[in-house]
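File shown here: input_7.txt, holding compact mmCIF, C-alpha atoms and all ligand atoms.
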```
# COMPACT_ATOMS: atom_id res chain seq x y z
CA MET A 29 142.58 89.79 163.09
CA VAL A 30 142.60 86.75 160.89
CA TRP A 31 143.26 83.38 162.36
CA MET A 32 143.35 79.97 160.86
CA MET A 33 142.29 76.65 162.18
CA ILE A 34 143.19 73.37 160.62
CA GLU A 35 140.68 70.62 161.11
CA VAL A 36 141.36 67.01 160.43
CA GLY A 37 138.47 64.96 159.06
CA MET A 38 137.66 62.54 161.83
CA LYS A 39 137.88 65.17 164.55
CA MET A 40 134.90 67.26 163.56
CA GLY A 41 132.83 66.48 166.65
CA GLY A 42 131.64 63.29 165.00
CA GLU A 43 130.36 65.25 162.02
CA THR A 44 132.71 63.82 159.49
CA ARG A 45 133.23 60.28 158.45
CA ARG A 46 134.23 58.39 155.37
CA SER A 47 131.40 58.16 152.89
CA GLY A 48 130.75 57.92 149.19
CA GLY A 49 134.20 58.92 148.06
CA ALA A 50 133.89 62.43 149.40
CA ILE A 51 135.51 62.75 152.75
CA LEU A 52 137.58 65.66 153.38
CA SER A 53 140.57 65.62 155.40
CA LEU A 54 141.61 69.14 155.85
CA SER A 55 139.84 72.42 155.76
CA LEU A 56 141.08 75.91 156.19
CA TRP A 57 138.82 78.28 158.06
CA ARG A 58 139.11 81.98 158.68
CA GLY A 59 137.69 83.62 161.74
CA TYR A 60 135.99 86.98 161.42
CA PRO A 61 135.76 88.61 164.83
CA GLY A 62 133.59 91.70 165.06
CA ARG A 63 130.23 92.48 163.63
CA ALA A 64 129.35 93.22 160.03
CA ARG A 65 128.15 96.76 159.35
CA SER A 66 126.35 96.09 156.09
CA ALA A 67 124.85 93.19 154.20
CA SER A 68 127.35 93.62 151.40
CA GLU A 69 130.16 93.05 153.88
CA VAL A 70 128.87 89.55 154.41
CA ARG A 71 128.09 88.70 150.82
CA LEU A 72 128.14 84.96 150.42
CA ASP A 73 130.87 83.67 148.24
CA TRP A 74 130.09 80.20 146.94
CA GLY A 75 133.39 80.13 145.13
CA ARG A 76 136.29 78.00 146.12
CA ARG A 77 138.70 80.70 147.17
CA ARG A 78 138.07 80.27 150.86
CA ARG A 79 138.11 76.50 150.79
CA TRP A 80 141.09 74.27 151.01
CA LYS A 81 141.07 71.58 148.40
CA ILE A 82 143.16 68.45 148.45
CA GLY A 83 142.94 66.48 145.25
CA TYR A 84 139.25 66.16 144.54
CA TYR A 85 138.08 66.00 148.14
CA TYR A 86 136.21 68.65 150.06
CA TYR A 87 134.96 68.81 153.56
CA TYR A 88 131.27 68.16 154.15
CA PRO A 89 129.25 67.02 157.15
CA SER A 90 128.38 63.32 157.16
CA PRO A 91 125.12 62.53 155.36
CA SER A 92 122.98 61.91 158.42
CA THR A 93 124.11 64.92 160.48
CA ILE A 94 121.08 66.84 161.70
CA GLY A 95 121.77 70.58 161.68
CA PRO A 96 125.45 70.38 160.71
CA ARG A 97 127.80 73.10 161.92
CA PRO A 98 127.52 76.10 159.59
CA LYS A 99 130.34 78.04 157.96
CA ARG A 100 131.34 81.27 159.63
CA GLU A 101 130.31 83.48 156.75
CA TRP A 102 126.73 82.16 157.05
CA ILE A 103 126.65 82.86 160.79
CA ARG A 104 127.96 86.36 160.22
CA ARG A 105 125.28 87.07 157.67
CA LEU A 106 122.57 85.76 160.05
CA GLN A 107 123.87 88.01 162.82
CA TYR A 108 123.73 91.01 160.55
CA PHE A 109 120.11 90.36 159.58
CA LEU A 110 119.05 89.46 163.10
CA LEU A 111 120.42 92.65 164.62
CA GLN A 112 120.48 95.23 161.88
CA HIS A 113 118.00 94.40 159.16
CA PRO A 114 115.92 97.55 158.44
CA ASP A 115 112.67 95.53 158.30
CA PRO A 116 111.36 94.90 161.86
CA GLU A 117 109.42 91.87 160.57
CA VAL A 118 112.65 90.15 159.57
CA ARG A 119 114.23 90.84 162.97
CA ALA A 120 111.11 89.60 164.77
CA SER A 121 110.96 86.44 162.65
CA LEU A 122 114.55 85.59 163.47
CA ARG A 123 113.73 85.74 167.20
CA ILE A 124 111.03 83.05 167.02
CA PRO A 125 112.23 80.19 169.25
CA PRO A 126 112.61 76.63 167.93
CA ALA A 127 109.54 74.45 168.33
CA GLN A 128 109.76 71.13 170.12
CA LEU A 129 109.55 68.00 168.00
CA GLN A 130 106.99 65.59 169.48
CA GLN A 131 106.97 61.81 169.34
CA ASP A 132 104.27 61.87 166.66
CA GLY A 133 106.47 63.98 164.38
CA LEU A 134 104.48 67.19 164.95
CA VAL A 135 106.02 70.29 166.46
CA LEU A 136 104.91 72.28 169.50
CA TYR A 137 105.85 75.92 170.19
CA PRO A 138 106.36 77.33 173.70
CA PRO A 139 102.96 78.53 175.04
CA GLU A 140 103.85 82.23 174.81
CA VAL A 141 104.46 82.02 171.05
CA PRO A 142 101.43 82.90 168.89
CA THR A 143 101.19 80.35 166.10
CA ASP A 144 98.75 82.32 163.98
CA GLY A 145 99.65 83.92 160.69
CA ARG A 146 99.73 87.59 161.63
CA PRO A 147 102.66 89.37 160.00
CA ILE A 148 105.28 90.60 162.51
CA HIS A 149 103.86 88.76 165.53
CA GLY A 150 102.83 85.44 164.06
CA VAL A 151 104.95 82.38 163.59
CA CYS A 152 103.00 81.51 160.44
CA SER A 153 103.58 77.81 160.86
CA TRP A 154 102.04 75.75 158.11
CA GLU A 155 102.07 72.62 160.20
CA SER A 156 100.65 74.08 163.44
CA SER A 157 98.11 76.53 162.04
CA GLY A 158 97.92 75.98 158.29
CA CYS A 159 99.50 79.39 157.72
CA LEU A 160 101.23 80.11 154.43
CA ARG A 161 102.75 83.42 153.38
CA THR A 162 100.01 84.54 151.01
CA PRO A 163 98.33 87.91 150.41
CA GLN A 164 95.19 86.43 152.03
CA ASN A 165 97.16 86.03 155.26
CA GLY A 166 98.35 89.64 155.10
CA TYR A 167 101.77 89.13 153.54
CA SER A 168 102.93 91.28 150.67
CA ASN A 169 106.47 90.07 150.05
CA HIS A 170 108.50 86.86 150.05
CA LEU A 171 105.38 84.82 149.44
CA ASP A 172 105.41 81.05 149.52
CA ILE A 173 105.20 79.45 146.10
CA ILE A 174 102.24 77.09 146.40
CA GLN A 175 101.10 76.83 142.81
CA PRO A 176 102.55 77.50 139.37
CA ASP A 177 101.19 79.73 136.59
CA PRO A 178 97.67 78.71 135.52
CA HIS A 179 97.53 75.89 132.95
CA SER A 180 100.98 74.62 133.84
CA TRP A 181 102.33 71.43 135.42
CA VAL A 182 105.57 71.28 137.37
CA VAL A 183 107.56 68.07 137.01
CA ASN A 184 109.34 67.84 140.37
CA PHE A 185 110.72 65.24 142.76
CA ASP A 186 111.86 65.34 146.37
CA ASP A 187 114.46 63.45 148.43
CA GLY A 188 116.97 62.45 145.71
CA PRO A 189 119.46 61.68 144.48
CA LEU A 190 119.02 58.00 145.36
CA PRO A 191 119.50 54.77 143.40
CA PRO A 192 115.92 54.92 141.97
CA SER A 193 116.87 58.31 140.42
CA GLU A 194 118.71 56.53 137.63
CA ARG A 195 115.47 54.83 136.56
CA LEU A 196 113.70 58.19 136.83
CA TYR A 197 116.23 59.83 134.46
CA GLN A 198 115.60 57.07 131.89
CA ILE A 199 111.86 57.65 132.10
CA LEU A 200 112.28 61.43 131.80
CA ASP A 201 114.46 60.84 128.71
CA GLN A 202 111.78 58.59 127.23
CA PHE A 203 109.14 61.25 127.82
CA GLY A 204 111.46 63.99 126.56
CA ILE A 205 111.05 66.21 129.63
CA LYS A 206 113.20 67.83 132.28
CA ALA A 207 112.42 68.08 135.99
CA THR A 208 113.14 69.98 139.18
CA HIS A 209 114.88 67.96 141.90
CA PHE A 210 114.60 69.07 145.53
CA TRP A 211 117.74 67.36 146.79
CA ILE A 212 118.81 66.17 150.21
CA GLY A 213 122.42 67.34 150.60
CA GLY A 214 123.47 64.14 152.40
CA ASN A 215 122.19 62.14 149.43
CA VAL A 216 124.12 64.34 147.02
CA LEU A 217 127.25 63.46 148.99
CA LYS A 218 126.49 59.73 148.92
CA TYR A 219 125.24 59.58 145.34
CA TRP A 220 127.17 62.42 143.74
CA LYS A 221 127.46 60.55 140.44
CA LEU A 222 123.66 60.47 140.17
CA ALA A 223 123.64 64.18 141.05
CA LYS A 224 126.04 64.91 138.20
CA MET A 225 123.88 62.85 135.82
CA ALA A 226 120.84 65.01 136.65
CA ASP A 227 122.86 68.17 136.10
CA ARG A 228 124.20 66.90 132.79
CA ARG A 229 120.73 66.08 131.51
CA GLY A 230 119.76 69.71 132.12
CA ASP A 231 117.45 69.23 135.07
CA HIS A 232 116.75 72.00 137.56
CA LEU A 233 118.44 71.66 140.97
CA ALA A 234 116.90 72.89 144.22
CA VAL A 235 117.36 72.48 147.97
CA HIS A 236 115.54 70.10 150.36
CA THR A 237 117.94 70.41 153.37
CA TRP A 238 120.99 68.36 154.37
CA SER A 239 119.38 65.69 156.57
CA HIS A 240 115.61 65.92 155.93
CA SER A 241 114.84 67.22 159.41
CA HIS A 242 111.95 69.21 160.84
CA LEU A 243 113.46 72.65 160.37
CA THR A 244 111.26 74.55 162.83
CA SER A 245 112.58 72.33 165.63
CA LEU A 246 116.21 73.27 164.95
CA THR A 247 118.25 76.22 166.19
CA SER A 248 118.98 78.98 163.71
CA HIS A 249 122.59 77.82 163.41
CA GLN A 250 121.40 74.29 162.62
CA ILE A 251 119.09 75.68 159.92
CA LEU A 252 122.07 77.56 158.47
CA GLY A 253 123.95 74.25 158.27
CA GLU A 254 121.00 72.36 156.72
CA LEU A 255 120.48 74.89 153.92
CA GLY A 256 124.03 76.15 153.51
CA TRP A 257 125.78 72.80 153.12
CA THR A 258 123.15 71.62 150.61
CA MET A 259 123.72 74.76 148.53
CA GLN A 260 127.47 74.40 148.93
CA ILE A 261 127.64 70.81 147.68
CA ILE A 262 125.34 71.58 144.74
CA PHE A 263 127.58 74.52 143.88
CA ASP A 264 130.78 72.47 144.22
CA LEU A 265 129.43 69.74 141.93
CA THR A 266 127.70 71.86 139.31
CA GLY A 267 128.76 75.50 139.68
CA LYS A 268 125.11 76.48 140.25
CA VAL A 269 123.67 78.40 143.20
CA PRO A 270 120.11 77.14 143.82
CA ARG A 271 117.25 79.63 144.07
CA PHE A 272 114.42 77.42 145.35
CA PHE A 273 113.96 75.37 148.50
CA ARG A 274 111.25 73.02 149.79
CA PRO A 275 111.02 72.32 153.53
CA PRO A 276 110.79 68.60 154.44
CA TYR A 277 107.29 67.66 155.65
CA GLY A 278 106.25 71.24 154.73
CA ASN A 279 107.58 72.05 158.20
CA ILE A 280 108.17 75.79 158.01
CA ASP A 281 107.59 79.01 159.94
CA ASN A 282 108.65 82.65 159.50
CA ARG A 283 112.04 82.08 161.16
CA VAL A 284 112.95 79.34 158.69
CA ARG A 285 111.64 81.43 155.79
CA ALA A 286 113.65 84.47 156.94
CA ILE A 287 116.89 82.47 157.15
CA ALA A 288 116.26 80.85 153.77
CA LYS A 289 115.44 84.15 152.08
CA HIS A 290 117.72 86.65 153.78
CA VAL A 291 120.82 84.59 154.46
CA PHE A 292 120.73 82.42 151.35
CA GLY A 293 118.34 84.12 148.87
CA LEU A 294 116.14 81.01 148.69
CA GLU A 295 112.44 81.10 147.73
CA THR A 296 110.16 78.74 149.64
CA VAL A 297 108.23 76.20 147.58
CA ILE A 298 105.31 74.20 148.99
CA TRP A 299 102.80 72.18 146.93
CA ASN A 300 99.12 72.22 146.00
CA PHE A 301 98.57 68.46 146.04
CA ASP A 302 100.21 65.58 147.91
CA SER A 303 100.44 62.46 145.72
CA VAL A 304 101.10 60.38 148.90
CA ASP A 305 103.68 58.41 146.90
CA TRP A 306 105.88 58.59 150.03
CA GLY A 307 103.40 56.12 151.56
CA LEU A 308 104.21 53.44 148.97
CA ASN A 309 106.72 50.70 149.65
CA GLN A 310 110.17 52.22 149.85
CA THR A 311 113.15 50.54 148.33
CA TYR A 312 116.25 52.66 149.05
CA ALA A 313 114.64 54.90 151.68
CA THR A 314 117.12 57.22 153.36
CA GLY A 315 116.56 55.90 156.85
CA ASP A 316 115.06 57.35 159.98
CA GLN A 317 114.79 60.86 158.61
CA VAL A 318 112.08 59.95 156.12
CA ASP A 319 108.58 58.98 157.17
CA ARG A 320 108.07 55.24 156.98
CA PRO A 321 104.82 54.16 155.41
CA ASP A 322 102.24 52.65 157.70
CA PRO A 323 101.21 49.33 156.11
CA ARG A 324 97.67 49.69 157.49
CA THR A 325 97.02 52.96 155.71
CA ALA A 326 99.50 52.73 152.81
CA PRO A 327 97.99 53.48 149.41
CA THR A 328 98.43 51.09 146.51
CA LEU A 329 100.35 52.08 143.40
CA GLU A 330 97.06 52.20 141.47
CA GLN A 331 95.53 54.59 143.99
CA VAL A 332 98.47 56.99 143.74
CA VAL A 333 98.44 56.90 139.92
CA GLU A 334 94.70 57.48 139.85
CA ALA A 335 94.84 60.38 142.33
CA ILE A 336 97.52 62.18 140.29
CA GLY A 337 95.48 61.71 137.12
CA ARG A 338 92.32 63.01 138.77
CA PHE A 339 94.12 66.07 140.11
CA ALA A 340 95.70 66.79 136.71
CA SER A 341 92.42 66.69 134.81
CA ALA A 342 90.59 68.74 137.46
CA ASN A 343 93.24 71.49 137.39
CA SER A 344 94.28 71.71 133.74
CA SER A 345 92.08 74.75 133.15
CA SER A 346 92.57 76.39 136.54
CA ALA A 347 95.28 76.34 139.19
CA GLY A 348 97.84 74.11 137.54
CA GLY A 349 99.84 71.46 139.33
CA LEU A 350 102.75 71.76 141.72
CA ILE A 351 102.41 68.37 143.33
CA LEU A 352 104.44 66.58 145.96
CA GLN A 353 106.20 63.64 144.34
CA HIS A 354 109.35 61.69 145.21
CA GLU A 355 112.29 59.82 143.70
CA LEU A 356 112.51 58.00 146.99
CA SER A 357 111.67 54.52 145.80
CA LEU A 358 111.24 52.53 142.59
CA GLU A 359 107.56 52.39 143.46
CA ALA A 360 107.23 56.19 143.54
CA VAL A 361 109.11 56.49 140.25
CA GLU A 362 106.79 53.89 138.74
CA ALA A 363 103.76 55.87 139.96
CA PHE A 364 105.12 58.90 138.10
CA ARG A 365 105.64 56.84 134.92
CA ARG A 366 102.15 55.40 134.98
CA SER A 367 100.46 58.71 135.76
CA TRP A 368 102.17 60.58 132.93
CA ASP A 369 99.57 59.69 130.27
CA SER A 370 96.81 61.38 132.22
CA VAL A 371 98.98 64.46 132.87
CA ARG A 372 99.68 64.69 129.14
CA ALA A 373 96.01 64.18 128.33
CA ALA A 374 95.15 67.22 130.46
CA ARG A 375 96.99 69.41 127.89
CA PHE A 376 98.75 71.91 130.13
CA SER A 377 100.26 74.81 128.22
CA SER A 378 103.60 74.54 130.07
CA VAL A 379 105.04 71.35 131.48
CA GLY A 380 108.51 71.08 132.98
CA PRO A 381 110.79 72.23 135.80
CA LEU A 382 109.46 74.82 138.26
CA PRO A 383 110.91 77.99 136.65
CA VAL A 384 109.34 77.06 133.32
CA CYS A 385 105.96 77.25 135.08
CA LEU A 386 106.50 80.58 136.92
CA ASP A 387 106.36 84.18 135.63
CA ALA A 388 105.30 82.97 132.18
CA GLY A 389 108.45 80.87 131.95
CA MET A 390 110.75 83.83 132.58
CA ALA A 391 111.73 82.90 136.17
CA GLN A 392 115.46 82.58 136.89
CA TRP A 393 116.61 79.00 137.50
CA TYR A 394 119.50 79.92 139.78
CA GLN A 395 120.95 82.86 141.68
ZN ZN B 1 111.23 65.09 151.54
```

Can you present the structure in this file as structure tokens?
Amino acid sequence: MVWMMIEVGMKMGGETRRSGGAILSLSLWRGYPGRARSASEVRLDWGRRRRWKIGYYYYYPSPSTIGPRPKREWIRRLQYFLLQHPDPEVRASLRIPPAQLQQDGLVLYPPEVPTDGRPIHGVCSWESSGCLRTPQNGYSNHLDIIQPDPHSWVVNFDDGPLPPSERLYQILDQFGIKATHFWIGGNVLKYWKLAKMADRRGDHLAVHTWSHSHLTSLTSHQILGELGWTMQIIFDLTGKVPRFFRPPYGNIDNRVRAIAKHVFGLETVIWNFDSVDWGLNQTYATGDQVDRPDPRTAPTLEQVVEAIGRFASANSSSAGGLILQHELSLEAVEAFRRSWDSVRAARFSSVGPLPVCLDAGMAQWYQ
């Protein structure tokens, strides 16, 4: 049975509102009762065939929606993997309950949930127990990307696109380099012209969730919405299906990883050094979702620049750099500009977007 539901913009349970020239007034949905029997039956189609387009407007959740309502095809795919995936580890991961977000921004799991990193049983939470999916922790597949190829330096920025991104693009042009952007979907909706500029300059586009929330504290359907809508808007704007995703705050466990990988085909990317540029003054911060710097402990611009330079020279002959850096504020962009001389002086053999620094430069950029 196929049924259709017509939804008018303002009625979406408060999820939709006018913003940035991209509201959508009408969307056409199809219901799919029954359960999928194979993964191929619920293949994700990022194309536009199933979406109702009026002029140039599409339907998206409003930028600040935490865990926006997912599309039905994403839910169906999750159900298939939850119930029928041949790998028991995937099924177990998808049954991990959401953690509770505490006042201090840290998450707490129910007492019966083991937070260690054991495959199958463990949550493998990076925040609660420092667990990453690495061979050292007993994992053999779907590993977290925590560093690039040796002797390489990933140029990457989180939290854009935002007004300071325009300045960042100018600097990248000056330096003659391209970058990876881990984008917040809500910011892509608000600043879609800046998003198109990044795509046109040939930068690499990746996912950083819709609302910059603590993913492990959300329900699985909310996680679907956070990742799915960010991929959808990047696809609608650029025709590209992202392959890489970075969890905000590094807040990730095996449930989030399983949804990212098995529903959406996303690889998880962490970092091997935090530049702490998010602690600088923030012009154009995105609001409550992003950590506000504490003026008592905030680093100075000079300290951030110096720390990046030190890390670059210490790692040029060993691990390489996949650092945490932001296009969140003019200050953070300036820290990148000023630190670039010392990165260049470290003479990495590859410098550029993430895929250029993985698998000897042969990694796919998109799906
Ligand atoms: Zn972020």

Compile a residue-level contact table for chain A against ligand ZN 1 (chain B) at a cut-off of 6 Å, reporting for every qualifying residue the shortest atom pair and its distance in Å to one decimal, with only C-alpha atoms and all ligand atoms counted, rows ordered by chain and ascending number, as JSON lines.
```
{"residue": "A:Asp186", "atom": "CA", "partner": "B:ZN1", "partner_atom": "ZN", "distance": 5.2}
{"residue": "A:Asp187", "atom": "CA", "partner": "B:ZN1", "partner_atom": "ZN", "distance": 4.8}
{"residue": "A:Pro276", "atom": "CA", "partner": "B:ZN1", "partner_atom": "ZN", "distance": 4.6}
```

- Query: Taking into account all atoms listed in the file, which residue in the set A:Ala223, A:Ile199, A:Ala207, A:Ala286 is nearest to Asn169 of chain A?
  - Reply: A:Ala286

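Between atom CA of Pro91 of chain A and atom CA of Leu196 of chain A lies a distance of 22.2 Å.
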
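The smallest atom-to-atom distance between Phe272 of chain A and any of A:Leu233, A:Leu243, A:Leu308, A:Ile103, using all atoms listed in the file, is found for A:Leu233.
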
- Write out as a count of residues only the residues lying within 9 Å of segment 124-135 of chain A, counting all atoms listed in the file and excluding same-chain residues fewer than 5 positions away. 15

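Considering the residues A:Thr258, A:Gln250, A:Thr266, A:Asn165 and counting only C-alpha atoms, Trp211 of chain A has its shortest atom-to-atom contact with A:Thr258.
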
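Between atom CA of Leu255 of chain A and atom CA of Arg97 of chain A there is a distance of 11.0 Å.
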
- Could you tell me how far atom CA of Leu200 of chain A lies from atom CA of Trp306 of chain A, in Å and to one decimal? 19.5 Å

- Note on the structure: One residue among A:Phe203, A:Trp220, A:Tyr167, A:Trp74 is nearest to Pro189 of chain A when using all atoms listed in the file, and that residue is A:Trp220

- Item | Nearest residue to Val304 of chain A from the set A:Arg324, A:Ser345, A:Tyr87, A:Ile351 (distances using all atoms listed in the file) | A:Ile351

- Excluding His232 of chain A and residues on its chain fewer than 6 positions from it, collect all residues at most 8 Å away from it, counting only C-alpha atoms, and give them as a ChimeraX atom specification. /A:206-209,381-382,393

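Checking A:His290, A:His236, A:Gln392, A:Ile173 one by one against Pro114 of chain A, counting all atoms listed in the file, you find the shortest gap at A:His290.
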
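The point (123.8, 82.7, 141.5) has these residues within 7 Å of it, counting all atoms listed in the file: Lys268, Val269, Tyr394 and Gln395 of chain A.
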
Rebuild N, CA and C atoms on segment 183-208 of chain A, as a PDB file, keeping the file's coordinate frame?
```pdb
ATOM      1  N   VAL A 183     107.021  69.415 136.838  1.00  0.00           N
ATOM      2  CA  VAL A 183     107.560  68.070 137.010  1.00  0.00           C
ATOM      3  C   VAL A 183     108.649  68.179 138.076  1.00  0.00           C
ATOM      4  N   ASN A 184     108.365  67.655 139.272  1.00  0.00           N
ATOM      5  CA  ASN A 184     109.340  67.840 140.370  1.00  0.00           C
ATOM      6  C   ASN A 184     109.334  66.657 141.322  1.00  0.00           C
ATOM      7  N   PHE A 185     110.536  66.417 141.899  1.00  0.00           N
ATOM      8  CA  PHE A 185     110.720  65.240 142.760  1.00  0.00           C
ATOM      9  C   PHE A 185     111.541  65.612 143.982  1.00  0.00           C
ATOM     10  N   ASP A 186     111.147  65.081 145.118  1.00  0.00           N
ATOM     11  CA  ASP A 186     111.860  65.340 146.370  1.00  0.00           C
ATOM     12  C   ASP A 186     112.737  64.151 146.778  1.00  0.00           C
ATOM     13  N   ASP A 187     113.707  64.434 147.648  1.00  0.00           N
ATOM     14  CA  ASP A 187     114.460  63.450 148.430  1.00  0.00           C
ATOM     15  C   ASP A 187     115.632  62.776 147.708  1.00  0.00           C
ATOM     16  N   GLY A 188     115.845  63.057 146.418  1.00  0.00           N
ATOM     17  CA  GLY A 188     116.970  62.450 145.710  1.00  0.00           C
ATOM     18  C   GLY A 188     118.267  63.186 146.029  1.00  0.00           C
ATOM     19  N   PRO A 189     119.379  62.839 145.372  1.00  0.00           N
ATOM     20  CA  PRO A 189     119.460  61.680 144.480  1.00  0.00           C
ATOM     21  C   PRO A 189     119.616  60.388 145.259  1.00  0.00           C
ATOM     22  N   LEU A 190     118.985  59.334 144.753  1.00  0.00           N
ATOM     23  CA  LEU A 190     119.020  58.000 145.360  1.00  0.00           C
ATOM     24  C   LEU A 190     119.083  56.983 144.219  1.00  0.00           C
ATOM     25  N   PRO A 191     119.412  55.734 144.502  1.00  0.00           N
ATOM     26  CA  PRO A 191     119.500  54.770 143.400  1.00  0.00           C
ATOM     27  C   PRO A 191     118.287  54.753 142.450  1.00  0.00           C
ATOM     28  N   PRO A 192     117.035  54.906 142.933  1.00  0.00           N
ATOM     29  CA  PRO A 192     115.920  54.920 141.970  1.00  0.00           C
ATOM     30  C   PRO A 192     115.964  56.111 141.002  1.00  0.00           C
ATOM     31  N   SER A 193     116.802  57.135 141.309  1.00  0.00           N
ATOM     32  CA  SER A 193     116.870  58.310 140.420  1.00  0.00           C
ATOM     33  C   SER A 193     117.324  57.917 139.021  1.00  0.00           C
ATOM     34  N   GLU A 194     118.201  56.913 138.938  1.00  0.00           N
ATOM     35  CA  GLU A 194     118.710  56.530 137.630  1.00  0.00           C
ATOM     36  C   GLU A 194     117.568  56.064 136.722  1.00  0.00           C
ATOM     37  N   ARG A 195     116.669  55.284 137.293  1.00  0.00           N
ATOM     38  CA  ARG A 195     115.470  54.830 136.560  1.00  0.00           C
ATOM     39  C   ARG A 195     114.613  56.042 136.184  1.00  0.00           C
ATOM     40  N   LEU A 196     114.484  56.983 137.111  1.00  0.00           N
ATOM     41  CA  LEU A 196     113.700  58.190 136.830  1.00  0.00           C
ATOM     42  C   LEU A 196     114.281  58.953 135.635  1.00  0.00           C
ATOM     43  N   TYR A 197     115.622  59.092 135.578  1.00  0.00           N
ATOM     44  CA  TYR A 197     116.230  59.830 134.460  1.00  0.00           C
ATOM     45  C   TYR A 197     115.906  59.143 133.130  1.00  0.00           C
ATOM     46  N   GLN A 198     115.932  57.787 133.135  1.00  0.00           N
ATOM     47  CA  GLN A 198     115.600  57.070 131.890  1.00  0.00           C
ATOM     48  C   GLN A 198     114.177  57.383 131.450  1.00  0.00           C
ATOM     49  N   ILE A 199     113.263  57.387 132.429  1.00  0.00           N
ATOM     50  CA  ILE A 199     111.860  57.650 132.100  1.00  0.00           C
ATOM     51  C   ILE A 199     111.695  59.088 131.587  1.00  0.00           C
ATOM     52  N   LEU A 200     112.370  60.033 132.245  1.00  0.00           N
ATOM     53  CA  LEU A 200     112.280  61.430 131.800  1.00  0.00           C
ATOM     54  C   LEU A 200     112.827  61.569 130.372  1.00  0.00           C
ATOM     55  N   ASP A 201     113.922  60.833 130.073  1.00  0.00           N
ATOM     56  CA  ASP A 201     114.460  60.840 128.710  1.00  0.00           C
ATOM     57  C   ASP A 201     113.437  60.309 127.715  1.00  0.00           C
ATOM     58  N   GLN A 202     112.813  59.185 128.098  1.00  0.00           N
ATOM     59  CA  GLN A 202     111.780  58.590 127.230  1.00  0.00           C
ATOM     60  C   GLN A 202     110.663  59.592 126.937  1.00  0.00           C
ATOM     61  N   PHE A 203     110.233  60.300 127.974  1.00  0.00           N
ATOM     62  CA  PHE A 203     109.140  61.250 127.820  1.00  0.00           C
ATOM     63  C   PHE A 203     109.609  62.569 127.205  1.00  0.00           C
ATOM     64  N   GLY A 204     110.931  62.747 127.138  1.00  0.00           N
ATOM     65  CA  GLY A 204     111.460  63.990 126.560  1.00  0.00           C
ATOM     66  C   GLY A 204     111.199  65.211 127.422  1.00  0.00           C
ATOM     67  N   ILE A 205     111.276  65.055 128.760  1.00  0.00           N
ATOM     68  CA  ILE A 205     111.050  66.210 129.630  1.00  0.00           C
ATOM     69  C   ILE A 205     112.174  66.348 130.659  1.00  0.00           C
ATOM     70  N   LYS A 206     112.263  67.554 131.196  1.00  0.00           N
ATOM     71  CA  LYS A 206     113.200  67.830 132.280  1.00  0.00           C
ATOM     72  C   LYS A 206     112.406  68.088 133.567  1.00  0.00           C
ATOM     73  N   ALA A 207     113.119  67.996 134.708  1.00  0.00           N
ATOM     74  CA  ALA A 207     112.420  68.080 135.990  1.00  0.00           C
ATOM     75  C   ALA A 207     113.174  68.958 136.967  1.00  0.00           C
ATOM     76  N   THR A 208     112.480  69.367 138.024  1.00  0.00           N
ATOM     77  CA  THR A 208     113.140  69.980 139.180  1.00  0.00           C
ATOM     78  C   THR A 208     113.383  68.899 140.222  1.00  0.00           C
TER      79      THR A 208
END
```
